[in-house]
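Pasted below: target18.csv, CSV, C-alpha atoms (C1' of nucleotides).
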```csv
chain,number,residue,atom,x,y,z
A,1,MET,CA,-20.4,-48.4,-20.8
A,2,ILE,CA,-18.3,-48.2,-23.8
A,3,TYR,CA,-15.3,-48.4,-21.4
A,4,SER,CA,-14.7,-49.0,-17.8
A,5,ARG,CA,-14.7,-46.4,-15.1
A,6,SER,CA,-10.9,-46.6,-14.9
A,7,SER,CA,-10.8,-45.5,-18.5
A,8,GLU,CA,-13.2,-42.7,-17.8
A,9,TYR,CA,-11.0,-41.4,-15.1
A,10,ALA,CA,-8.0,-41.7,-17.2
A,11,ILE,CA,-9.5,-39.8,-20.1
A,12,ARG,CA,-10.6,-37.0,-17.8
A,13,ALA,CA,-7.1,-36.9,-16.3
A,14,PHE,CA,-5.5,-36.8,-19.7
A,15,VAL,CA,-7.7,-33.9,-20.7
A,16,HIS,CA,-6.7,-32.2,-17.5
A,17,LEU,CA,-3.0,-32.8,-18.4
A,18,ALA,CA,-3.5,-31.5,-21.9
A,19,HIS,CA,-4.4,-28.2,-20.4
A,20,ALA,CA,-1.1,-28.0,-18.5
A,21,THR,CA,0.4,-27.0,-21.8
A,22,ASP,CA,3.8,-26.1,-20.5
A,23,ALA,CA,4.6,-29.7,-20.2
A,24,LYS,CA,5.1,-29.5,-16.5
A,25,TYR,CA,4.4,-32.3,-14.2
A,26,VAL,CA,1.0,-32.3,-12.4
A,27,MET,CA,0.4,-34.2,-9.2
A,28,VAL,CA,-2.1,-36.9,-8.9
A,29,LYS,CA,-3.6,-35.3,-5.9
A,30,GLN,CA,-4.2,-32.1,-7.8
A,31,ILE,CA,-5.9,-33.8,-10.7
A,32,ALA,CA,-7.9,-36.0,-8.4
A,33,GLU,CA,-9.2,-33.0,-6.5
A,34,GLN,CA,-10.1,-30.9,-9.5
A,35,GLU,CA,-11.7,-33.7,-11.4
A,36,ASP,CA,-13.3,-35.3,-8.4
A,37,ILE,CA,-11.7,-38.7,-8.8
A,38,PRO,CA,-10.6,-41.0,-6.0
A,39,ALA,CA,-6.9,-40.0,-5.6
A,40,HIS,CA,-5.4,-43.4,-4.7
A,41,PHE,CA,-7.3,-45.1,-7.4
A,42,LEU,CA,-6.3,-42.5,-10.0
A,43,ALA,CA,-2.7,-42.9,-9.0
A,44,LYS,CA,-2.9,-46.6,-9.8
A,45,ILE,CA,-4.4,-45.9,-13.2
A,46,LEU,CA,-1.8,-43.3,-14.1
A,47,GLN,CA,0.9,-45.7,-13.0
A,48,GLN,CA,-0.4,-48.3,-15.4
A,49,LEU,CA,-0.5,-45.8,-18.2
A,50,ALA,CA,3.0,-44.6,-17.4
A,51,ARG,CA,4.3,-48.2,-17.6
A,52,LYS,CA,2.5,-48.6,-21.0
A,53,GLY,CA,4.3,-45.5,-22.2
A,54,LEU,CA,1.4,-43.1,-22.5
A,55,LEU,CA,2.5,-40.9,-19.6
A,56,ARG,CA,5.8,-39.6,-18.2
A,57,SER,CA,6.2,-39.6,-14.5
A,58,SER,CA,8.6,-38.1,-12.0
A,59,LYS,CA,9.0,-38.6,-8.3
A,60,GLY,CA,9.7,-36.1,-5.6
A,61,PRO,CA,8.9,-32.4,-5.3
A,62,THR,CA,7.9,-30.8,-8.6
A,63,GLY,CA,7.1,-34.4,-9.7
A,64,GLY,CA,3.9,-35.8,-11.0
A,65,PHE,CA,2.6,-36.9,-14.4
A,66,CYS,CA,2.6,-35.4,-17.9
A,67,LEU,CA,1.6,-36.6,-21.3
A,68,ARG,CA,4.4,-38.3,-23.2
A,69,GLN,CA,3.0,-37.4,-26.6
A,70,PRO,CA,1.2,-34.3,-27.8
A,71,ALA,CA,-2.5,-34.5,-27.0
A,72,GLU,CA,-3.3,-34.6,-30.7
A,73,ASP,CA,-1.6,-38.0,-31.0
A,74,ILE,CA,-3.4,-39.6,-28.0
A,75,THR,CA,-6.6,-41.2,-29.0
A,76,LEU,CA,-9.3,-42.5,-26.7
A,77,PHE,CA,-8.7,-45.9,-28.2
A,78,SER,CA,-5.1,-46.0,-27.0
A,79,ILE,CA,-6.2,-45.3,-23.4
A,80,VAL,CA,-9.1,-47.7,-23.4
A,81,GLU,CA,-7.0,-50.4,-25.1
A,82,ALA,CA,-4.3,-50.0,-22.5
A,83,LEU,CA,-6.7,-50.3,-19.5
A,84,ASP,CA,-9.6,-52.4,-20.6
A,85,GLY,CA,-8.2,-54.3,-23.5
A,86,MET,CA,-10.1,-54.9,-26.7
A,87,THR,CA,-11.2,-58.5,-26.2
A,88,ASP,CA,-14.8,-57.5,-25.6
A,89,TYR,CA,-14.8,-55.8,-29.0
A,90,GLU,CA,-13.2,-58.7,-30.8
A,91,LYS,CA,-15.7,-61.3,-29.9
A,92,CYS,CA,-19.2,-61.5,-31.2
A,93,ILE,CA,-21.7,-59.5,-29.2
A,94,SER,CA,-24.0,-62.5,-28.8
A,95,GLY,CA,-21.3,-64.3,-26.8
A,96,LEU,CA,-21.1,-67.2,-29.2
A,97,ALA,CA,-17.4,-68.1,-29.3
A,98,GLU,CA,-17.8,-70.0,-32.6
A,99,CYS,CA,-19.3,-67.0,-34.3
A,100,ASN,CA,-17.3,-65.5,-37.2
A,101,ASP,CA,-18.2,-63.9,-40.5
A,102,GLU,CA,-19.1,-67.3,-41.9
A,103,ALA,CA,-20.6,-69.0,-38.9
A,104,PRO,CA,-24.2,-68.5,-37.8
A,105,CYS,CA,-25.1,-65.7,-35.4
A,106,GLY,CA,-28.2,-63.6,-35.8
A,107,MET,CA,-26.6,-60.5,-34.4
A,108,HIS,CA,-23.3,-60.7,-36.2
A,109,ASP,CA,-23.8,-58.3,-39.1
A,110,SER,CA,-25.8,-55.6,-37.4
A,111,TRP,CA,-23.4,-55.6,-34.5
A,112,LYS,CA,-20.4,-55.5,-36.8
A,113,ASP,CA,-21.6,-52.2,-38.1
A,114,LEU,CA,-22.2,-50.7,-34.7
A,115,ARG,CA,-18.9,-51.9,-33.4
A,116,LEU,CA,-17.2,-50.3,-36.3
A,117,ARG,CA,-18.8,-47.0,-35.4
A,118,ILE,CA,-17.7,-47.3,-31.8
A,119,LEU,CA,-14.2,-48.0,-32.7
A,120,ASP,CA,-14.2,-45.1,-35.2
A,121,TYR,CA,-15.3,-42.9,-32.3
A,122,LEU,CA,-12.5,-44.2,-30.0
A,123,GLU,CA,-9.9,-44.0,-32.7
A,124,GLY,CA,-11.0,-40.8,-34.2
A,125,THR,CA,-11.3,-38.8,-31.0
A,126,SER,CA,-8.1,-37.4,-29.5
A,127,ILE,CA,-7.4,-35.9,-26.1
A,128,ALA,CA,-6.8,-32.6,-27.9
A,129,ASP,CA,-10.3,-32.8,-29.4
A,130,LEU,CA,-11.8,-33.2,-26.0
A,131,ALA,CA,-9.7,-30.5,-24.5
A,132,LYS,CA,-10.6,-28.0,-27.2
A,133,ALA,CA,-14.3,-28.8,-27.0
A,134,LEU,CA,-14.1,-28.3,-23.3
A,135,ASP,CA,-12.4,-25.0,-23.7
A,136,GLU,CA,-15.0,-23.7,-26.1
A,137,LYS,CA,-17.9,-24.8,-23.9
A,138,ARG,CA,-16.3,-23.0,-20.9
A,139,LYS,CA,-15.8,-19.8,-22.9
A,140,LEU,CA,-19.4,-19.8,-23.9
A,141,LEU,CA,-20.5,-20.1,-20.3
A,142,GLU,CA,-18.1,-17.6,-19.0
A,143,LYS,CA,-19.5,-14.6,-20.9
A,144,PRO,CA,-23.3,-15.0,-21.0
A,145,LYS,CA,-24.8,-12.2,-23.1
A,146,LYS,CA,-27.8,-11.9,-21.0
A,147,PRO,CA,-27.1,-13.0,-17.5
A,148,ARG,CA,-30.4,-13.6,-15.7
A,149,LYS,CA,-29.9,-12.4,-12.2
A,150,THR,CA,-28.2,-15.2,-10.4
A,151,VAL,CA,-27.5,-18.8,-11.1
A,152,ALA,CA,-30.6,-20.0,-9.4
A,153,ALA,CA,-32.6,-22.8,-10.9
A,154,LYS,CA,-29.7,-24.9,-11.8
A,155,LYS,CA,-31.2,-27.8,-13.8
A,156,ASN,CA,-29.2,-30.9,-13.1
B,1,MET,CA,-20.0,-54.0,-23.5
B,2,ILE,CA,-23.0,-52.2,-24.8
B,3,TYR,CA,-25.0,-54.3,-22.3
B,4,SER,CA,-24.3,-56.7,-19.4
B,5,ARG,CA,-23.9,-60.4,-19.7
B,6,SER,CA,-27.3,-60.8,-18.2
B,7,SER,CA,-28.8,-58.9,-21.1
B,8,GLU,CA,-26.7,-61.0,-23.5
B,9,TYR,CA,-28.1,-64.2,-22.1
B,10,ALA,CA,-31.6,-62.8,-22.2
B,11,ILE,CA,-31.3,-61.8,-25.8
B,12,ARG,CA,-30.1,-65.2,-26.8
B,13,ALA,CA,-32.9,-66.8,-24.8
B,14,PHE,CA,-35.4,-64.6,-26.5
B,15,VAL,CA,-34.2,-65.5,-29.9
B,16,HIS,CA,-34.4,-69.1,-28.9
B,17,LEU,CA,-38.0,-68.6,-27.8
B,18,ALA,CA,-38.8,-66.8,-31.0
B,19,HIS,CA,-38.0,-70.0,-32.8
B,20,ALA,CA,-40.6,-71.9,-30.7
B,21,THR,CA,-43.2,-70.5,-33.0
B,22,ASP,CA,-46.1,-72.5,-31.8
B,23,ALA,CA,-46.2,-70.3,-28.7
B,24,LYS,CA,-45.6,-73.3,-26.4
B,25,TYR,CA,-43.7,-72.9,-23.2
B,26,VAL,CA,-40.0,-73.8,-23.2
B,27,MET,CA,-38.1,-74.9,-20.1
B,28,VAL,CA,-35.2,-72.9,-18.8
B,29,LYS,CA,-33.2,-76.0,-18.6
B,30,GLN,CA,-33.7,-76.6,-22.3
B,31,ILE,CA,-32.8,-73.1,-23.3
B,32,ALA,CA,-29.8,-73.1,-21.1
B,33,GLU,CA,-28.4,-76.3,-22.5
B,34,GLN,CA,-28.9,-75.4,-26.1
B,35,GLU,CA,-27.6,-71.9,-25.7
B,36,ASP,CA,-24.8,-72.8,-23.3
B,37,ILE,CA,-25.9,-70.5,-20.6
B,38,PRO,CA,-25.7,-71.2,-16.8
B,39,ALA,CA,-29.2,-72.6,-16.1
B,40,HIS,CA,-29.8,-71.2,-12.6
B,41,PHE,CA,-28.6,-67.8,-13.6
B,42,LEU,CA,-30.7,-67.8,-16.7
B,43,ALA,CA,-33.7,-68.7,-14.6
B,44,LYS,CA,-33.2,-65.6,-12.5
B,45,ILE,CA,-33.0,-63.4,-15.5
B,46,LEU,CA,-36.1,-64.8,-17.2
B,47,GLN,CA,-38.0,-64.5,-13.9
B,48,GLN,CA,-37.1,-60.8,-13.8
B,49,LEU,CA,-38.2,-60.3,-17.4
B,50,ALA,CA,-41.4,-62.2,-16.6
B,51,ARG,CA,-42.1,-59.9,-13.7
B,52,LYS,CA,-41.5,-56.9,-16.1
B,53,GLY,CA,-44.0,-58.3,-18.5
B,54,LEU,CA,-41.8,-59.3,-21.3
B,55,LEU,CA,-42.3,-63.0,-20.8
B,56,ARG,CA,-45.1,-65.3,-19.8
B,57,SER,CA,-44.3,-68.1,-17.4
B,58,SER,CA,-46.0,-71.3,-16.3
B,59,LYS,CA,-45.2,-73.7,-13.6
B,60,GLY,CA,-45.5,-77.5,-13.4
B,61,PRO,CA,-45.2,-80.0,-16.2
B,62,THR,CA,-45.5,-78.5,-19.7
B,63,GLY,CA,-44.5,-75.3,-18.1
B,64,GLY,CA,-41.7,-72.9,-18.9
B,65,PHE,CA,-41.3,-69.5,-20.5
B,66,CYS,CA,-42.7,-68.0,-23.7
B,67,LEU,CA,-42.7,-64.5,-25.3
B,68,ARG,CA,-45.5,-62.4,-24.2
B,69,GLN,CA,-45.5,-60.3,-27.4
B,70,PRO,CA,-44.6,-61.2,-31.0
B,71,ALA,CA,-40.9,-61.2,-31.6
B,72,GLU,CA,-41.3,-58.3,-34.0
B,73,ASP,CA,-42.4,-56.1,-31.2
B,74,ILE,CA,-39.6,-56.9,-28.8
B,75,THR,CA,-36.6,-54.7,-29.2
B,76,LEU,CA,-33.2,-55.2,-27.8
B,77,PHE,CA,-33.8,-51.9,-26.0
B,78,SER,CA,-36.7,-53.2,-24.0
B,79,ILE,CA,-34.6,-56.1,-22.8
B,80,VAL,CA,-31.5,-54.1,-21.9
B,81,GLU,CA,-33.6,-51.4,-20.3
B,82,ALA,CA,-35.4,-53.9,-18.1
B,83,LEU,CA,-32.2,-55.6,-16.9
B,84,ASP,CA,-29.4,-53.0,-17.0
B,85,GLY,CA,-31.4,-49.8,-16.8
B,86,MET,CA,-30.6,-46.8,-19.0
B,87,THR,CA,-28.9,-44.6,-16.4
B,88,ASP,CA,-25.5,-45.2,-17.9
B,89,TYR,CA,-26.8,-43.9,-21.2
B,90,GLU,CA,-28.5,-40.9,-19.6
B,91,LYS,CA,-25.5,-39.5,-17.9
B,92,CYS,CA,-22.6,-37.9,-19.7
B,93,ILE,CA,-19.9,-40.4,-20.7
B,94,SER,CA,-17.3,-38.2,-19.0
B,95,GLY,CA,-18.8,-38.9,-15.7
B,96,LEU,CA,-19.4,-35.3,-14.9
B,97,ALA,CA,-22.7,-35.2,-13.1
B,98,GLU,CA,-23.1,-31.5,-13.8
B,99,CYS,CA,-22.8,-32.0,-17.5
B,100,ASN,CA,-25.7,-31.2,-19.8
B,101,ASP,CA,-26.3,-29.7,-23.2
B,102,GLU,CA,-25.4,-26.2,-21.8
B,103,ALA,CA,-22.7,-27.1,-19.3
B,104,PRO,CA,-19.1,-27.7,-20.1
B,105,CYS,CA,-17.8,-31.1,-21.0
B,106,GLY,CA,-15.4,-31.8,-23.7
B,107,MET,CA,-16.9,-35.2,-24.7
B,108,HIS,CA,-20.5,-34.1,-24.6
B,109,ASP,CA,-21.2,-33.5,-28.3
B,110,SER,CA,-19.2,-36.3,-29.8
B,111,TRP,CA,-20.5,-38.8,-27.3
B,112,LYS,CA,-24.1,-37.6,-27.9
B,113,ASP,CA,-23.8,-38.6,-31.5
B,114,LEU,CA,-22.4,-42.0,-30.7
B,115,ARG,CA,-24.9,-42.7,-28.0
B,116,LEU,CA,-27.7,-41.9,-30.4
B,117,ARG,CA,-26.3,-44.5,-32.8
B,118,ILE,CA,-26.2,-47.1,-30.0
B,119,LEU,CA,-29.7,-46.4,-28.9
B,120,ASP,CA,-30.8,-46.5,-32.5
B,121,TYR,CA,-29.3,-49.9,-32.8
B,122,LEU,CA,-31.0,-51.2,-29.6
B,123,GLU,CA,-34.3,-49.7,-30.5
B,124,GLY,CA,-34.2,-50.6,-34.1
B,125,THR,CA,-33.3,-54.2,-33.7
B,126,SER,CA,-36.0,-56.7,-32.8
B,127,ILE,CA,-35.8,-60.3,-31.6
B,128,ALA,CA,-37.5,-61.2,-34.9
B,129,ASP,CA,-34.7,-59.5,-36.8
B,130,LEU,CA,-32.1,-61.5,-35.0
B,131,ALA,CA,-34.0,-64.8,-35.3
B,132,LYS,CA,-34.4,-64.2,-39.1
B,133,ALA,CA,-30.8,-63.3,-39.6
B,134,LEU,CA,-29.8,-66.4,-37.7
B,135,ASP,CA,-32.0,-68.6,-39.8
B,136,GLU,CA,-30.6,-67.3,-43.0
B,137,LYS,CA,-27.1,-67.8,-41.8
B,138,ARG,CA,-27.9,-71.4,-40.8
B,139,LYS,CA,-29.4,-72.2,-44.2
B,140,LEU,CA,-26.4,-70.9,-46.0
B,141,LEU,CA,-24.2,-73.2,-43.9
B,142,GLU,CA,-26.4,-76.2,-44.2
B,143,LYS,CA,-26.2,-76.6,-48.0
B,144,PRO,CA,-22.7,-75.8,-49.1
B,145,LYS,CA,-22.5,-76.0,-52.9
B,146,LYS,CA,-19.2,-77.6,-53.0
B,147,PRO,CA,-18.7,-79.7,-49.9
B,148,ARG,CA,-15.0,-80.3,-49.5
B,149,LYS,CA,-14.6,-83.9,-48.3
B,150,THR,CA,-15.3,-83.6,-44.5
B,151,VAL,CA,-15.6,-80.9,-42.0
B,152,ALA,CA,-11.9,-81.1,-41.1
B,153,ALA,CA,-10.0,-77.9,-40.5
B,154,LYS,CA,-12.7,-76.2,-38.5
B,155,LYS,CA,-11.3,-72.7,-38.1
B,156,ASN,CA,-12.4,-71.3,-34.8
C,1,DA,C1',24.0,-34.9,3.3
C,2,DG,C1',19.4,-35.1,4.8
C,3,DG,C1',14.6,-34.2,5.1
C,4,DA,C1',10.3,-33.4,2.6
C,5,DT,C1',7.6,-34.8,-1.2
C,6,DA,C1',5.6,-37.4,-4.9
C,7,DT,C1',5.3,-41.7,-7.6
C,8,DA,C1',5.8,-47.1,-7.4
C,9,DG,C1',4.0,-51.1,-6.1
C,10,DG,C1',2.0,-54.7,-3.3
C,11,DA,C1',-1.6,-55.9,-0.3
C,12,DG,C1',-6.0,-55.4,1.5
C,13,DT,C1',-11.2,-54.0,1.5
C,14,DA,C1',-15.7,-52.9,-0.5
C,15,DT,C1',-19.1,-53.2,-4.0
C,16,DT,C1',-21.2,-55.0,-8.0
C,17,DT,C1',-21.9,-58.6,-11.1
C,18,DT,C1',-22.2,-63.3,-12.1
C,19,DA,C1',-23.4,-67.8,-10.7
C,20,DT,C1',-25.1,-71.6,-7.5
C,21,DC,C1',-28.1,-73.9,-4.2
C,22,DC,C1',-32.2,-75.0,-1.8
C,23,DA,C1',-36.8,-74.9,0.1
C,24,DG,C1',-41.3,-73.4,-1.3
C,25,DT,C1',-45.3,-73.0,-4.5
C,26,DT,C1',-48.0,-74.0,-8.4
C,27,DC,C1',-49.8,-77.0,-11.8
C,28,DG,C1',-50.3,-81.1,-14.9
C,29,DA,C1',-50.8,-86.0,-15.1
C,30,DT,C1',-51.7,-90.3,-13.3
D,1,DA,C1',-55.7,-86.8,-4.2
D,2,DT,C1',-51.1,-87.3,-4.8
D,3,DC,C1',-46.7,-87.2,-7.1
D,4,DG,C1',-43.4,-85.0,-9.8
D,5,DA,C1',-42.1,-81.3,-12.8
D,6,DA,C1',-41.1,-76.6,-13.4
D,7,DC,C1',-41.0,-71.8,-11.9
D,8,DT,C1',-40.3,-68.6,-7.4
D,9,DG,C1',-37.6,-66.4,-4.3
D,10,DG,C1',-34.2,-66.0,-0.7
D,11,DA,C1',-29.6,-67.0,0.8
D,12,DT,C1',-25.0,-67.9,-0.4
D,13,DA,C1',-20.6,-68.0,-3.0
D,14,DA,C1',-17.3,-66.7,-6.5
D,15,DA,C1',-15.3,-63.4,-9.7
D,16,DA,C1',-14.6,-59.0,-11.4
D,17,DT,C1',-14.4,-54.2,-10.6
D,18,DA,C1',-13.7,-50.3,-7.8
D,19,DC,C1',-11.3,-48.3,-4.2
D,20,DT,C1',-8.0,-47.7,0.0
D,21,DC,C1',-3.8,-48.1,2.6
D,22,DC,C1',1.0,-48.7,3.6
D,23,DT,C1',5.8,-49.1,2.7
D,24,DA,C1',9.5,-48.4,-0.6
D,25,DT,C1',12.0,-45.6,-3.7
D,26,DA,C1',13.5,-41.7,-6.3
D,27,DT,C1',14.0,-36.7,-6.6
D,28,DC,C1',14.2,-31.9,-5.3
D,29,DC,C1',15.6,-28.4,-2.1
D,30,DT,C1',18.0,-26.5,1.7
```

Now, as a test, write the supplied structure out as structure tokens.
Amino acid sequence: MIYSRSSEYAIRAFVHLAHATDAKYVMVKQIAEQEDIPAHFLAKILQQLARKGLLRSSKGPTGGFCLRQPAEDITLFSIVEALDGMTDYEKCISGLAECNDEAPCGMHDSWKDLRLRILDYLEGTSIADLAKALDEKRKLLEKPKKPRKTVAAKKN
Amino acid sequence: MIYSRSSEYAIRAFVHLAHATDAKYVMVKQIAEQEDIPAHFLAKILQQLARKGLLRSSKGPTGGFCLRQPAEDITLFSIVEALDGMTDYEKCISGLAECNDEAPCGMHDSWKDLRLRILDYLEGTSIADLAKALDEKRKLLEKPKKPRKTVAAKKN
DNA sequence: AGGATATAGGAGTATTTTATCCAGTTCGAT
DNA sequence: ATCGAACTGGATAAAATACTCCTATATCCT
């Protein structure tokens, strides 16, 4: 709800690509299957991001997509901005077009603070951050110290 | 983007109602005009909120809507929850259904922190807060110490 | 060179959100 | 009692978002 579903898909795809460290191209189909994202839809999204310069693409066999910059340099902000735009964040949350720092709007100041935090989050989080966090979580789950029989009661 | 347009309209309508201090009913049409909200659409929204117990409604002449509780007791959260639901906030931002505090998801922890802030904002801000902030802003604008000729260059 | 493969891109469909309209019901006022 | 005002609720429409399909184009591989 901070960003669209398109952006969500893109972010997940980027994290996936960040794991393909050897800078090889990865097929949309492969990403879509492993990340459980509608393939055709994801293709569209990645095409957009390739046009915007965030991805590199190649056609034909051995083709696919790969990150154009190191994962450390790609922020969530750059992805969300490219797909959703930032107009929602630029206007006042109350929807009053006339509202600015001087004009009246009850929500203005408190929202400004929260918006800043959201933008900080988007600008301060890179694909590399997410990829690393994901790796660490996976490692923790791979070697459970005290495995309890089977993976039975899987709480959702 | 934190909440839907419906919620935005509702919040503005509630702030409007909070100003009708004498607990009288206010017509949808009147709110819609003054707040510049599509009247029929707003009617639907207020009906929903009346059904959920956040508003009191009355038909016929002298009828309309009024707050059911004091504005201090109505949080943004209660409105947004009633209209949008909180399912978006309950699930992991990455869209992974399987993701929970133990399961792997790169975004989980950082998002958890931000989500908490957003919910704090929604739960910690009441309609009375917004109404008061709006009043204060208006007062500041009403009596400019040094009025400069006319209100000419009205910057958007 | 030519066939297989993967992205590019346009067009089309489905679903959700936003917005409108109208007939029905309730209630106040004359 | 009756009329009109205002909410109620269902049906409809428009717009935005999410998703699918098909053809073209570029590239690798034999």

Contacts of region 20-30 of chain C at 7 Å (all atoms listed in the file; same-chain gap of 3+ positions) as a PDB file with C-alpha atoms, keeping the file's coordinate frame:
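Written out: part-v9.pdb:
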```
ATOM      1  CA  HIS B  40     -29.800 -71.200 -12.600  1.00  0.00           C
ATOM      2  CA  LYS B  59     -45.200 -73.700 -13.600  1.00  0.00           C
ATOM      3  CA  GLY B  60     -45.500 -77.500 -13.400  1.00  0.00           C
ATOM      4  CA  PRO B  61     -45.200 -80.000 -16.200  1.00  0.00           C
TER       5      PRO B  61
END
```

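CA of Cys66 (chain B) lies 23.3 Å from C1' of DA19 (chain C).
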
(message) Should the cut-off be 7 Å, what would the residue list for chain D against chain A look like, counting only C-alpha atoms (C1' of nucleotides), as a ChimeraX atom specification?
(response) /D:19-20,26-28

(request) Considering all atoms listed in the file, state which residue in the set C:DG12, C:DG2, C:DT7, C:DT17 is at the smallest distance from Ala50 (chain A). (result)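 Using all atoms listed in the file, Ala50 (chain A) sits closest to C:DT7.
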
(request) Pick out the residues sitting within 10 Å of region 120-137 of chain B, and hand them over as an NGL selection string; count all atoms listed in the file, and ignore anything fewer than 4 positions along from it in its own chain. (result) (:A and (101-111 or 113-114)) or (:B and (2-3 or 11-19 or 70-81 or 114-116 or 141-142))

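Checking A:Gly53, A:Lys91, A:Met1, A:Gly64 one by one against chain B, counting all atoms listed in the file, you find the shortest gap at A:Met1.
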
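For the pair CA of Phe65 (chain A) and CA of Lys139 (chain A), the separation is 26.5 Å.
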
(request) For CA of Arg68 (chain A) and CA of Arg56 (chain A), quote the distance in Å rounded to one decimal. (result)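 If I compute the distance from CA of Arg68 (chain A) to CA of Arg56 (chain A), I get 5.4 Å.
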
(request) Name all residues at most 8 Å from Leu49 (chain B) (count all atoms listed in the file; drop same-chain ones fewer than 4 positions away) and give them as a ChimeraX atom specification. (result) /B:45,53-55,79,82-83
